[in-house]
Amino acid sequence: MPAVTFSPDDRYNAFITTLDQAETGPGRLSGIAVAVKDNISTRGIRTTCASRILDGYIPPYDAHVVTLLRQEGAAIVGKTNMDEFGMGTTTENSAYGPTLNPSDPSRVPGGSSGGSAAAVASGMVRMALGTDTGGSIRCPASFCGIVGLKPTYGRVSRYGLIAYANSLEQIGPMAQNVEDVSLLMEVLSTHDPRDSTSISCPYRHTPDPTVTGLKIGVPEEFFGEGVDPRVAAVVWEAISRLEGEGAEIVTCRMPSMVFALAAYYVTCTSEASSNLARFDGVRYGPPADTKRPWHESFQERRREGFGTEVRRRIMLGTFALSSGYYGKYYAKAQAARQQVRNDFVRLFRTVDVIAGPTMPTVAFRLGEKTDPLSMYLSDILTVPANLAGVPAISVPCGTSEGLPVGLQVMGQWFRDEKVIDVAAAYEQGVSA
Amino acid sequence: MSDTTATQPANIGIATEDEVIIGLEIHCQLDTTTKLFCGCSTDYRDDPPNTHVCPVCLGLPGSLPRVNRKAVEYALRVGKALNCEIATEAEFSRKNYFYPDLDKGFQITQYDKPIAVKGYLDIEGDEGEKRVRITRVHMEEDPGRLVHKGGTDRPKYTLVDYNRAGIPLIEIVTEPDLRSPKEARKFLNKLRATLEYLGVFDSEKEGSLRVDANISIQPKGWFEREGRGKADRGRVEIKNISSYKGVEKALTFEITRQKNLIRRGQKLETATRHFVEGRGVTTSSRSKEMEQDYRYFPEPDLRPVRVRDWAAEIALPELPDARRARFMEQYGCSPNHARTLTGELRLAEFYEKVADIDTMLAATWIADTLLGELNYRDLSIVVVPPEQFREVLILLKEGSITDKSGVEVLRVLLDQLKETGACEGPRVCVDRLGLGVIVAAPTLSGEDPVVKAAKEAIAEQPQAVADYRAGRKEALNFLVGQVMKKTRGCAKPADVNTILTDLLEEG
Amino acid sequence: MIEEKDVEHIAMLADIGITKEELPGFTGQFNEILDYFDILDQVEGTGSFEHERANVFREDEIEPSLPQDDVLANTRDAEDGFFRAPRVM
């Protein structure tokens with residue numbers, strides 16, 4: 001079996017695990033080095049979710065997407081750093097230390113797929129897999145100046161993705177350009193009966209950069225309070241450029257944005273509180289202390305094994321589902337979620353795609369954000385796509401303070417091809 | 001001790017004005033080929049631990065459940081057979097609690113959207129035909145199996161086997177409509193028969209049925225007046241009953257315990273108790289469990305189940321009541337025989353395999369003799385080869401053996417079956433043991449063994465002979481008994497009667 | 001407003017270890033976050049997210065299980081093919 005040699009200078013701490021000899025084979029990705037986020041199961045390669053609680057865990061099976069990568073000859077060269085279990089916006093919440101932003105190593109790369117973004121941005125790999133629960137592909141793509149797609153919910157199998165918030169997350173492609181993102185998406189998007197939420201709608205597409213007559217909705221809320229005016233200006237200019245290419249800009253409103261972030265955090269912490277209950281040290285991970293009673297051992301295991309942010313979210317989610325609060329939090333969040341979806345349905349009656357900034361700001365300085373709520377608030381522009389399940393892409397659209405800014409394009413359900421086309425149109429317009 | 005007893009005189013003493021209120025929650029393993037959410041085989045009972053597991057039922061990170069269509073179909077059959085409303089939309093939810101038998105830290109079950117609700121099952125109750133209401137039927141996965149090392153009293157640690165994890169279960173919840181342990185047993189028997197007739201359940205498999213029982217003793221009529229909400233006296237939930245006989249035992253024990261408390265004027269706390277099968281008692285759960293908060297929410301990895309139309313298409317097989325009616329109609333069985341024979345699927349099927357010999361003879365011999373002999377040996381009808389039993393019936397019908405010899409043959413054959421799992425042919429057995437009927441000769445020849453035995457009896461029992469001759473004809477029966485004894489039951493009583501009469505009249 | 005004792009209760013429900021020193025910090029953060037969540041009170045109605053798809057089933061066909069060695073490969077605490085866990089009684 002031919003192999004790709006991989007011995008990168010990982011100065012940004014993008015990887016948790018690297019394989020110096022990665023097998024490759026024939027196929028559409030033959031010989032291409034691909035990095036895989038470390039919450040995606042790889043048979044025989046440790047998979048940590050950047051958490052101590054999975055220390056030493058070696059999956060006995062491949063995630064569906066990993067099988068697909070192998071089938072197409074990709075060389076899986078390493079597992080990338082991330083916020084523990086995907087819980088973060090900076091890749092600072094990792095048991096393996098923070099990843100640095102290649103465009104400015106004093107800044108965070110964004111998160112939670114920060115390792116994948118940094119590996120691509122620094123040129124260590126051509127492509128990477130990320131996962132996006134509330135912006136975890138698009139945020140680091142934006143902060144590091146690369147392209148990242150969160151596919152329509154159901155278009156990429158989650159089988160083998162270690163769940164953080166099942167109803168929200170998708171695995172998606174990250175690369176330096178739209179063409180590579182599109183190519184990787186072709187490989188990833190096949191129906192998988194092992195994921196009951198997987199939908200048979202394979203992505204087979206060559207990017208078509210024409211936007212003539214395309215209607216682009218721009219919601220006011222995406223340029224509202226909390227969005228850095230300098231970032232807003234860069235993004236507006238990018239949108240105007242698309243107008244110059246023949247697209248029609250339609251300003252619009254998305255009233256459900258008021259609830260979106262709260263609905264997102266209630267939903268993801270609730271699901272997480274349940275998903276993360278399995279790490280008891282009995283079947284894998286650092287062993288439970290069998291000399292002590294069950295609950296004591298379990299509590300200790302979780303206190304030591306999880307980082308502070310993970311414990312915080314487990315407790316928040318436990319509270320949101322607990323007796324007497326379910327109606328106030330979880331049930332209301334689902335109703336809010338329905339409203340977000342209704343907003344998208346309404347807007348897509350008149351526009352083809354929706355555009356705005358990916359993130360309200362450029363990349364933070366390492367250690368800059370310490371308060372949990374203000375960190376959560378930075379996800380405000382990315383969570384609506386996850387709540388509704390629509391496809392969304394982040395494509396680099398210039399800089400502010402010398403740091404990359406991302407243009408976000410959201411499309412209709414199962415029209416991932418359209419957001420790819422719009423991103424391609426912008427990309428080629430800029431390079432032309 | 002209790003202020004309730006002071007203010008409510010009706011509670012003092014138990015006698016006739018009290019009644020027992022019982023509700024059951026029954027967990028049954030559905031007899032599918034694979035588990036509820038993965039393709040692992042359910043046939044795990046004779047295999048080493050952790051050999052029927054995969055990433056899904058082991059709860060490995062990243063694995064996802066997939067619903068077994070057959071399990072849903074089986075649950076729908078149960079819902080229909082129990083006369084339930086089938087849900088327009090059922091949904092799986094997560095029940096969150098931490099225990100080592102739960103590989104994922106939650107159990108996938110159904111919570112506010114069960115597959116079927118509001119049904120009933122008619123049983124033969126203490127006071128005739130009775131309708132027991134079914135609250136709900138829902139689907140869920142079985143947890144793994146725990147072995148407590150170092151004894152149950154002071155275990156050192158726990159061993160876990162996940163082979164059972166993910167076996168499909170249905171939980172059937174009744175309204176508190178049962179009024180005695182016997183009724184509870186009858187309900188369970190009827191339910192078991194129904195599930196077996198549906199082809200969804202195999203009661204022969206160890207641990208395939210588990211019961212939790214709610215029981216309280218309330219002033220008569222209280223329940224009908226007040227409903228379940230306001231507990232007058234405490235209600236006890238008995239967990240962990242894993243056999244049919246255990247249910248009646250546990251409930252009977254618990255009634256005695258509660259009655260004693262009431263008699264002493266003590267307050268009965270609402271509590272959970274465990275049934276200790278070996279000792280036949282219920283014990284208080286040692287750790288005072290804190291109020292459980294299971295934090296149910298819809299399972300995000302699964303999609304809803306919309307099955308009402310599907311349910312409408314499912315045709316049910318013949319159920320116990322219908323079969324009982326048919327047995328009376330088609331075979332002329334008595335109501336009691338029909339009820340007994342249809343009370344278990346395999347018994348009913350066994351009967352139908354042998355009924356062609358003689359429907360009445362077969363019914364009598366199965367219901368009145370074979371079942372008792374099986375119970376005595378703790379055997380199930382499945383061990384009996386129908387062709388062998390047919391031969392016994394043929395021997396009886398053609399008069400080759402007497403009833404008494406028939407019983408003897410059955411006993412010998414069942415002992416062999418219990419010991420070796422096989423038995424000799426009934427004719428072989430009859431010949432080997434000399435159990436064939438002794439046909440008396442038409443003349444009173446001294447060579448004939450029956451005549452010989454009769455002559456001996458007459459010689460040995462002068463008093464009985466004198467009594468008979470004095471006109472006390474019942475003395476003849478005594479002499480018949482003596483002759484039967486001498487011929488080891490192989491003579492026909494009618495022959496013996498004739499021969500004795502002739503000899504006595506002669507002499 | 002939730003208090004430290006509420007956070008202790010949540011930690012117990014979540015079965016997650018928490019130290020006395022951590023309580024004030026978590027309590028403050030939770031109050032800030034829960035205040036923000038109060039915006040959900042303004043959402044009309046409750047109820048679940050509507051799913052368009054239903055009845056996703058697999059057939060009742062056996063698929064291979066994992067070899068026992070693979071099953072136990074990730075634990076150091078195996079005994080006679082069983083996993084070992086702390087005592088529960």
# chains A, B, ... in the order shown; residues from 1 in each chain; ligands from 1
call {"tool": "residues_around", "arguments": {"residues": "A:Thr131", "least_positions_apart": "4", "cutoff": "12 Å", "atoms": "only C-alpha atoms", "output": "ChimeraX atom specification"}}
result
/A:36-40,49,65,80-83,85-87,111-117,135-141,148-151,153,156-158,160-166,168-174,386
call {"tool": "select_by_dssp", "arguments": {"residues": "stretch 89-223 of chain A", "states": "strand (DSSP E)", "output": "PyMOL selection string"}}
result
chain A and resi 127-132+147-150+170-175+215-219
call {"tool": "write_last_selection", "arguments": {"atoms": "C-alpha atoms", "output": "JSON list (two decimals), in the first residue's frame"}}
result
[["chain", "number", "residue", "atom", "x", "y", "z"],
["A", 127, "MET", "CA", -8.27, 19.53, 3.07],
["A", 128, "ALA", "CA", -9.74, 18.77, 6.45],
["A", 129, "LEU", "CA", -12.91, 17.54, 8.05],
["A", 130, "GLY", "CA", -14.55, 19.74, 10.63],
["A", 131, "THR", "CA", -17.80, 19.47, 12.49],
["A", 132, "ASP", "CA", -20.29, 22.27, 12.96],
["A", 147, "VAL", "CA", -13.45, 28.05, 3.17],
["A", 148, "GLY", "CA", -15.70, 25.85, 5.31],
["A", 149, "LEU", "CA", -19.12, 24.36, 4.60],
["A", 150, "LYS", "CA", -21.73, 23.21, 7.08],
["A", 170, "GLN", "CA", -22.96, 18.04, 10.79],
["A", 171, "ILE", "CA", -19.56, 16.98, 9.55],
["A", 172, "GLY", "CA", -18.33, 19.23, 6.72],
["A", 173, "PRO", "CA", -15.41, 20.02, 4.42],
["A", 174, "MET", "CA", -12.76, 22.70, 4.99],
["A", 175, "ALA", "CA", -10.14, 23.77, 2.42],
["A", 215, "LYS", "CA", -31.56, 37.05, -5.18],
["A", 216, "ILE", "CA", -29.46, 37.46, -2.05],
["A", 217, "GLY", "CA", -31.33, 38.24, 1.16],
["A", 218, "VAL", "CA", -29.43, 40.27, 3.73],
["A", 219, "PRO", "CA", -31.12, 40.26, 7.15]]
call {"tool": "closest_atom_pairs", "arguments": {"of": "chain B", "to": "chain C", "cutoff": "9 Å", "atoms": "only C-alpha atoms", "output": "Markdown table"}}
result
| residue | atom | partner | partner_atom | distance |
| --- | --- | --- | --- | --- |
| B:Thr32 | CA | C:Asp60 | CA | 7.1 |
| B:Thr33 | CA | C:Asp60 | CA | 6.2 |
| B:Thr34 | CA | C:Asp60 | CA | 5.7 |
| B:Lys35 | CA | C:Asp60 | CA | 8.1 |
| B:Leu36 | CA | C:Asp60 | CA | 8.8 |
| B:Phe37 | CA | C:Arg58 | CA | 8.5 |
| B:Cys38 | CA | C:Glu63 | CA | 8.0 |
| B:Gly39 | CA | C:Glu63 | CA | 4.6 |
| B:Cys40 | CA | C:Ser65 | CA | 5.6 |
| B:Ser41 | CA | C:Ile62 | CA | 5.9 |
| B:Pro48 | CA | C:Gly81 | CA | 7.1 |
| B:Pro49 | CA | C:Gly81 | CA | 5.6 |
| B:Asn50 | CA | C:Gln68 | CA | 6.1 |
| B:Thr51 | CA | C:Gln68 | CA | 5.3 |
| B:His52 | CA | C:Ser65 | CA | 5.6 |
| B:Val53 | CA | C:Ser65 | CA | 5.3 |
| B:Cys54 | CA | C:Ser65 | CA | 5.0 |
| B:Pro55 | CA | C:Leu66 | CA | 7.8 |
| B:Leu58 | CA | C:Val71 | CA | 8.2 |
| B:Arg66 | CA | C:Arg58 | CA | 6.3 |
| B:Val67 | CA | C:Phe57 | CA | 5.0 |
| B:Asn68 | CA | C:Arg58 | CA | 5.1 |
| B:Arg69 | CA | C:Phe57 | CA | 5.2 |
| B:Lys70 | CA | C:Asp60 | CA | 5.9 |
| B:Ala71 | CA | C:Asp60 | CA | 8.1 |
| B:Glu89 | CA | C:Ala54 | CA | 8.9 |
| B:Tyr97 | CA | C:Ala14 | CA | 8.8 |
| B:Phe98 | CA | C:Asp15 | CA | 7.9 |
| B:Tyr99 | CA | C:Val88 | CA | 7.9 |
| B:Pro100 | CA | C:Ala85 | CA | 6.7 |
| B:His148 | CA | C:Arg87 | CA | 7.2 |
| B:Lys149 | CA | C:Arg87 | CA | 8.3 |
| B:Thr152 | CA | C:Met89 | CA | 7.9 |
| B:Asp153 | CA | C:Met89 | CA | 8.2 |
| B:Arg154 | CA | C:Met89 | CA | 7.6 |
| B:Pro155 | CA | C:Arg87 | CA | 6.4 |
| B:Lys156 | CA | C:Arg87 | CA | 6.0 |
| B:Tyr157 | CA | C:Arg87 | CA | 4.0 |
| B:Thr158 | CA | C:Ala85 | CA | 5.0 |
| B:Leu159 | CA | C:Arg84 | CA | 4.7 |
| B:Val160 | CA | C:Phe83 | CA | 5.0 |
| B:Asp161 | CA | C:Phe82 | CA | 5.5 |
| B:Tyr162 | CA | C:Phe82 | CA | 8.5 |
| B:Arg286 | CA | C:Met89 | CA | 8.4 |
| B:Ser287 | CA | C:Met89 | CA | 8.1 |
| B:Gln292 | CA | C:Leu13 | CA | 8.9 |
| B:Asp293 | CA | C:Leu13 | CA | 7.6 |
| B:Pro298 | CA | C:Ser48 | CA | 8.5 |
| B:Leu302 | CA | C:Val56 | CA | 7.7 |
| B:Arg303 | CA | C:Ala54 | CA | 5.1 |
| B:Pro304 | CA | C:Ala54 | CA | 4.9 |
| B:Val305 | CA | C:Asn55 | CA | 4.9 |
| B:Arg306 | CA | C:Asn55 | CA | 6.2 |
| B:Val307 | CA | C:Asn55 | CA | 7.9 |
call {"tool": "residues_around", "arguments": {"residues": "C:Thr19", "least_positions_apart": "6", "cutoff": "10 Å", "atoms": "only C-alpha atoms", "output": "list in words"}}
result
Arg303 of chain A; Glu8 and Ala11 of chain C
call {"tool": "residues_around", "arguments": {"residues": "B:Val236", "least_positions_apart": "5", "cutoff": "12 Å", "atoms": "only C-alpha atoms", "output": "PyMOL selection string"}}
result
chain B and resi 20-24+212-217+231+250-251+254-255+257-258+268-275+282-285
call {"tool": "decode", "arguments": {"residues": "stretch 6-46 of chain C", "atoms": "N, CA and C atoms", "output": "PDB file, in the first residue's frame"}}
result
ATOM      1  N   ASP C   6     -28.647  25.337  44.821  1.00  0.00           N
ATOM      2  CA  ASP C   6     -29.259  24.845  43.586  1.00  0.00           C
ATOM      3  C   ASP C   6     -28.188  24.251  42.665  1.00  0.00           C
ATOM      4  N   VAL C   7     -27.058  24.932  42.610  1.00  0.00           N
ATOM      5  CA  VAL C   7     -25.970  24.425  41.762  1.00  0.00           C
ATOM      6  C   VAL C   7     -25.479  23.081  42.296  1.00  0.00           C
ATOM      7  N   GLU C   8     -25.417  22.976  43.617  1.00  0.00           N
ATOM      8  CA  GLU C   8     -25.036  21.688  44.202  1.00  0.00           C
ATOM      9  C   GLU C   8     -26.024  20.594  43.808  1.00  0.00           C
ATOM     10  N   HIS C   9     -27.317  20.969  43.830  1.00  0.00           N
ATOM     11  CA  HIS C   9     -28.353  20.001  43.445  1.00  0.00           C
ATOM     12  C   HIS C   9     -28.195  19.592  41.978  1.00  0.00           C
ATOM     13  N   ILE C  10     -27.949  20.559  41.125  1.00  0.00           N
ATOM     14  CA  ILE C  10     -27.768  20.250  39.697  1.00  0.00           C
ATOM     15  C   ILE C  10     -26.560  19.337  39.513  1.00  0.00           C
ATOM     16  N   ALA C  11     -25.481  19.658  40.223  1.00  0.00           N
ATOM     17  CA  ALA C  11     -24.267  18.841  40.107  1.00  0.00           C
ATOM     18  C   ALA C  11     -24.562  17.413  40.540  1.00  0.00           C
ATOM     19  N   MET C  12     -25.424  17.276  41.544  1.00  0.00           N
ATOM     20  CA  MET C  12     -25.770  15.936  42.022  1.00  0.00           C
ATOM     21  C   MET C  12     -26.611  15.207  40.969  1.00  0.00           C
ATOM     22  N   LEU C  13     -27.594  15.939  40.418  1.00  0.00           N
ATOM     23  CA  LEU C  13     -28.426  15.359  39.357  1.00  0.00           C
ATOM     24  C   LEU C  13     -27.558  14.936  38.178  1.00  0.00           C
ATOM     25  N   ALA C  14     -26.620  15.797  37.829  1.00  0.00           N
ATOM     26  CA  ALA C  14     -25.746  15.523  36.686  1.00  0.00           C
ATOM     27  C   ALA C  14     -24.675  14.512  37.063  1.00  0.00           C
ATOM     28  N   ASP C  15     -24.604  14.173  38.344  1.00  0.00           N
ATOM     29  CA  ASP C  15     -23.591  13.250  38.847  1.00  0.00           C
ATOM     30  C   ASP C  15     -22.209  13.715  38.412  1.00  0.00           C
ATOM     31  N   ILE C  16     -21.968  14.982  38.613  1.00  0.00           N
ATOM     32  CA  ILE C  16     -20.693  15.534  38.197  1.00  0.00           C
ATOM     33  C   ILE C  16     -20.038  16.142  39.434  1.00  0.00           C
ATOM     34  N   GLY C  17     -18.814  15.770  39.682  1.00  0.00           N
ATOM     35  CA  GLY C  17     -18.131  16.248  40.881  1.00  0.00           C
ATOM     36  C   GLY C  17     -17.943  17.756  40.840  1.00  0.00           C
ATOM     37  N   ILE C  18     -18.125  18.403  41.977  1.00  0.00           N
ATOM     38  CA  ILE C  18     -17.945  19.849  42.037  1.00  0.00           C
ATOM     39  C   ILE C  18     -17.372  20.154  43.422  1.00  0.00           C
ATOM     40  N   THR C  19     -16.421  21.065  43.480  1.00  0.00           N
ATOM     41  CA  THR C  19     -15.824  21.371  44.781  1.00  0.00           C
ATOM     42  C   THR C  19     -16.463  22.634  45.355  1.00  0.00           C
ATOM     43  N   LYS C  20     -16.336  22.798  46.657  1.00  0.00           N
ATOM     44  CA  LYS C  20     -16.873  23.982  47.335  1.00  0.00           C
ATOM     45  C   LYS C  20     -16.313  25.265  46.705  1.00  0.00           C
ATOM     46  N   GLU C  21     -15.040  25.203  46.352  1.00  0.00           N
ATOM     47  CA  GLU C  21     -14.381  26.397  45.815  1.00  0.00           C
ATOM     48  C   GLU C  21     -14.981  26.813  44.481  1.00  0.00           C
ATOM     49  N   GLU C  22     -15.501  25.805  43.748  1.00  0.00           N
ATOM     50  CA  GLU C  22     -16.021  26.110  42.415  1.00  0.00           C
ATOM     51  C   GLU C  22     -17.431  26.695  42.448  1.00  0.00           C
ATOM     52  N   LEU C  23     -18.112  26.498  43.567  1.00  0.00           N
ATOM     53  CA  LEU C  23     -19.535  26.857  43.620  1.00  0.00           C
ATOM     54  C   LEU C  23     -19.831  28.315  43.299  1.00  0.00           C
ATOM     55  N   PRO C  24     -19.161  29.271  43.936  1.00  0.00           N
ATOM     56  CA  PRO C  24     -19.512  30.669  43.667  1.00  0.00           C
ATOM     57  C   PRO C  24     -19.347  31.030  42.189  1.00  0.00           C
ATOM     58  N   GLY C  25     -18.263  30.562  41.585  1.00  0.00           N
ATOM     59  CA  GLY C  25     -18.009  30.868  40.183  1.00  0.00           C
ATOM     60  C   GLY C  25     -19.117  30.350  39.284  1.00  0.00           C
ATOM     61  N   PHE C  26     -19.438  29.042  39.430  1.00  0.00           N
ATOM     62  CA  PHE C  26     -20.500  28.448  38.610  1.00  0.00           C
ATOM     63  C   PHE C  26     -21.835  29.154  38.860  1.00  0.00           C
ATOM     64  N   THR C  27     -22.126  29.450  40.117  1.00  0.00           N
ATOM     65  CA  THR C  27     -23.417  30.058  40.437  1.00  0.00           C
ATOM     66  C   THR C  27     -23.561  31.408  39.730  1.00  0.00           C
ATOM     67  N   GLY C  28     -22.520  32.219  39.788  1.00  0.00           N
ATOM     68  CA  GLY C  28     -22.568  33.524  39.126  1.00  0.00           C
ATOM     69  C   GLY C  28     -22.768  33.386  37.630  1.00  0.00           C
ATOM     70  N   GLN C  29     -22.006  32.487  37.026  1.00  0.00           N
ATOM     71  CA  GLN C  29     -22.112  32.305  35.576  1.00  0.00           C
ATOM     72  C   GLN C  29     -23.493  31.781  35.180  1.00  0.00           C
ATOM     73  N   PHE C  30     -23.993  30.822  35.965  1.00  0.00           N
ATOM     74  CA  PHE C  30     -25.304  30.264  35.635  1.00  0.00           C
ATOM     75  C   PHE C  30     -26.369  31.335  35.697  1.00  0.00           C
ATOM     76  N   ASN C  31     -26.291  32.191  36.691  1.00  0.00           N
ATOM     77  CA  ASN C  31     -27.306  33.237  36.788  1.00  0.00           C
ATOM     78  C   ASN C  31     -27.266  34.163  35.581  1.00  0.00           C
ATOM     79  N   GLU C  32     -26.063  34.485  35.165  1.00  0.00           N
ATOM     80  CA  GLU C  32     -25.931  35.361  34.001  1.00  0.00           C
ATOM     81  C   GLU C  32     -26.519  34.679  32.756  1.00  0.00           C
ATOM     82  N   ILE C  33     -26.163  33.407  32.591  1.00  0.00           N
ATOM     83  CA  ILE C  33     -26.623  32.669  31.407  1.00  0.00           C
ATOM     84  C   ILE C  33     -28.136  32.439  31.460  1.00  0.00           C
ATOM     85  N   LEU C  34     -28.633  32.049  32.642  1.00  0.00           N
ATOM     86  CA  LEU C  34     -30.065  31.778  32.755  1.00  0.00           C
ATOM     87  C   LEU C  34     -30.881  33.055  32.570  1.00  0.00           C
ATOM     88  N   ASP C  35     -30.345  34.173  33.019  1.00  0.00           N
ATOM     89  CA  ASP C  35     -31.010  35.459  32.756  1.00  0.00           C
ATOM     90  C   ASP C  35     -31.167  35.659  31.261  1.00  0.00           C
ATOM     91  N   TYR C  36     -30.094  35.355  30.552  1.00  0.00           N
ATOM     92  CA  TYR C  36     -30.142  35.510  29.099  1.00  0.00           C
ATOM     93  C   TYR C  36     -31.186  34.564  28.497  1.00  0.00           C
ATOM     94  N   PHE C  37     -31.258  33.327  29.023  1.00  0.00           N
ATOM     95  CA  PHE C  37     -32.232  32.346  28.511  1.00  0.00           C
ATOM     96  C   PHE C  37     -33.677  32.804  28.736  1.00  0.00           C
ATOM     97  N   ASP C  38     -33.871  33.729  29.664  1.00  0.00           N
ATOM     98  CA  ASP C  38     -35.244  34.175  29.956  1.00  0.00           C
ATOM     99  C   ASP C  38     -35.935  34.758  28.733  1.00  0.00           C
ATOM    100  N   ILE C  39     -35.153  35.138  27.733  1.00  0.00           N
ATOM    101  CA  ILE C  39     -35.747  35.649  26.498  1.00  0.00           C
ATOM    102  C   ILE C  39     -36.733  34.633  25.919  1.00  0.00           C
ATOM    103  N   LEU C  40     -36.499  33.345  26.233  1.00  0.00           N
ATOM    104  CA  LEU C  40     -37.355  32.282  25.693  1.00  0.00           C
ATOM    105  C   LEU C  40     -38.774  32.360  26.246  1.00  0.00           C
ATOM    106  N   ASP C  41     -38.937  33.048  27.393  1.00  0.00           N
ATOM    107  CA  ASP C  41     -40.285  33.207  27.940  1.00  0.00           C
ATOM    108  C   ASP C  41     -41.201  33.909  26.941  1.00  0.00           C
ATOM    109  N   GLN C  42     -40.586  34.673  26.036  1.00  0.00           N
ATOM    110  CA  GLN C  42     -41.396  35.432  25.080  1.00  0.00           C
ATOM    111  C   GLN C  42     -41.826  34.593  23.883  1.00  0.00           C
ATOM    112  N   VAL C  43     -41.282  33.387  23.781  1.00  0.00           N
ATOM    113  CA  VAL C  43     -41.661  32.545  22.644  1.00  0.00           C
ATOM    114  C   VAL C  43     -43.070  32.017  22.859  1.00  0.00           C
ATOM    115  N   GLU C  44     -43.879  32.127  21.814  1.00  0.00           N
ATOM    116  CA  GLU C  44     -45.252  31.623  21.893  1.00  0.00           C
ATOM    117  C   GLU C  44     -45.246  30.093  21.858  1.00  0.00           C
ATOM    118  N   GLY C  45     -46.080  29.518  22.689  1.00  0.00           N
ATOM    119  CA  GLY C  45     -46.282  28.068  22.626  1.00  0.00           C
ATOM    120  C   GLY C  45     -45.064  27.280  23.074  1.00  0.00           C
ATOM    121  N   THR C  46     -45.259  25.973  23.127  1.00  0.00           N
ATOM    122  CA  THR C  46     -44.129  25.112  23.424  1.00  0.00           C
ATOM    123  C   THR C  46     -44.190  24.020  22.381  1.00  0.00           C
TER     124      THR C  46
END
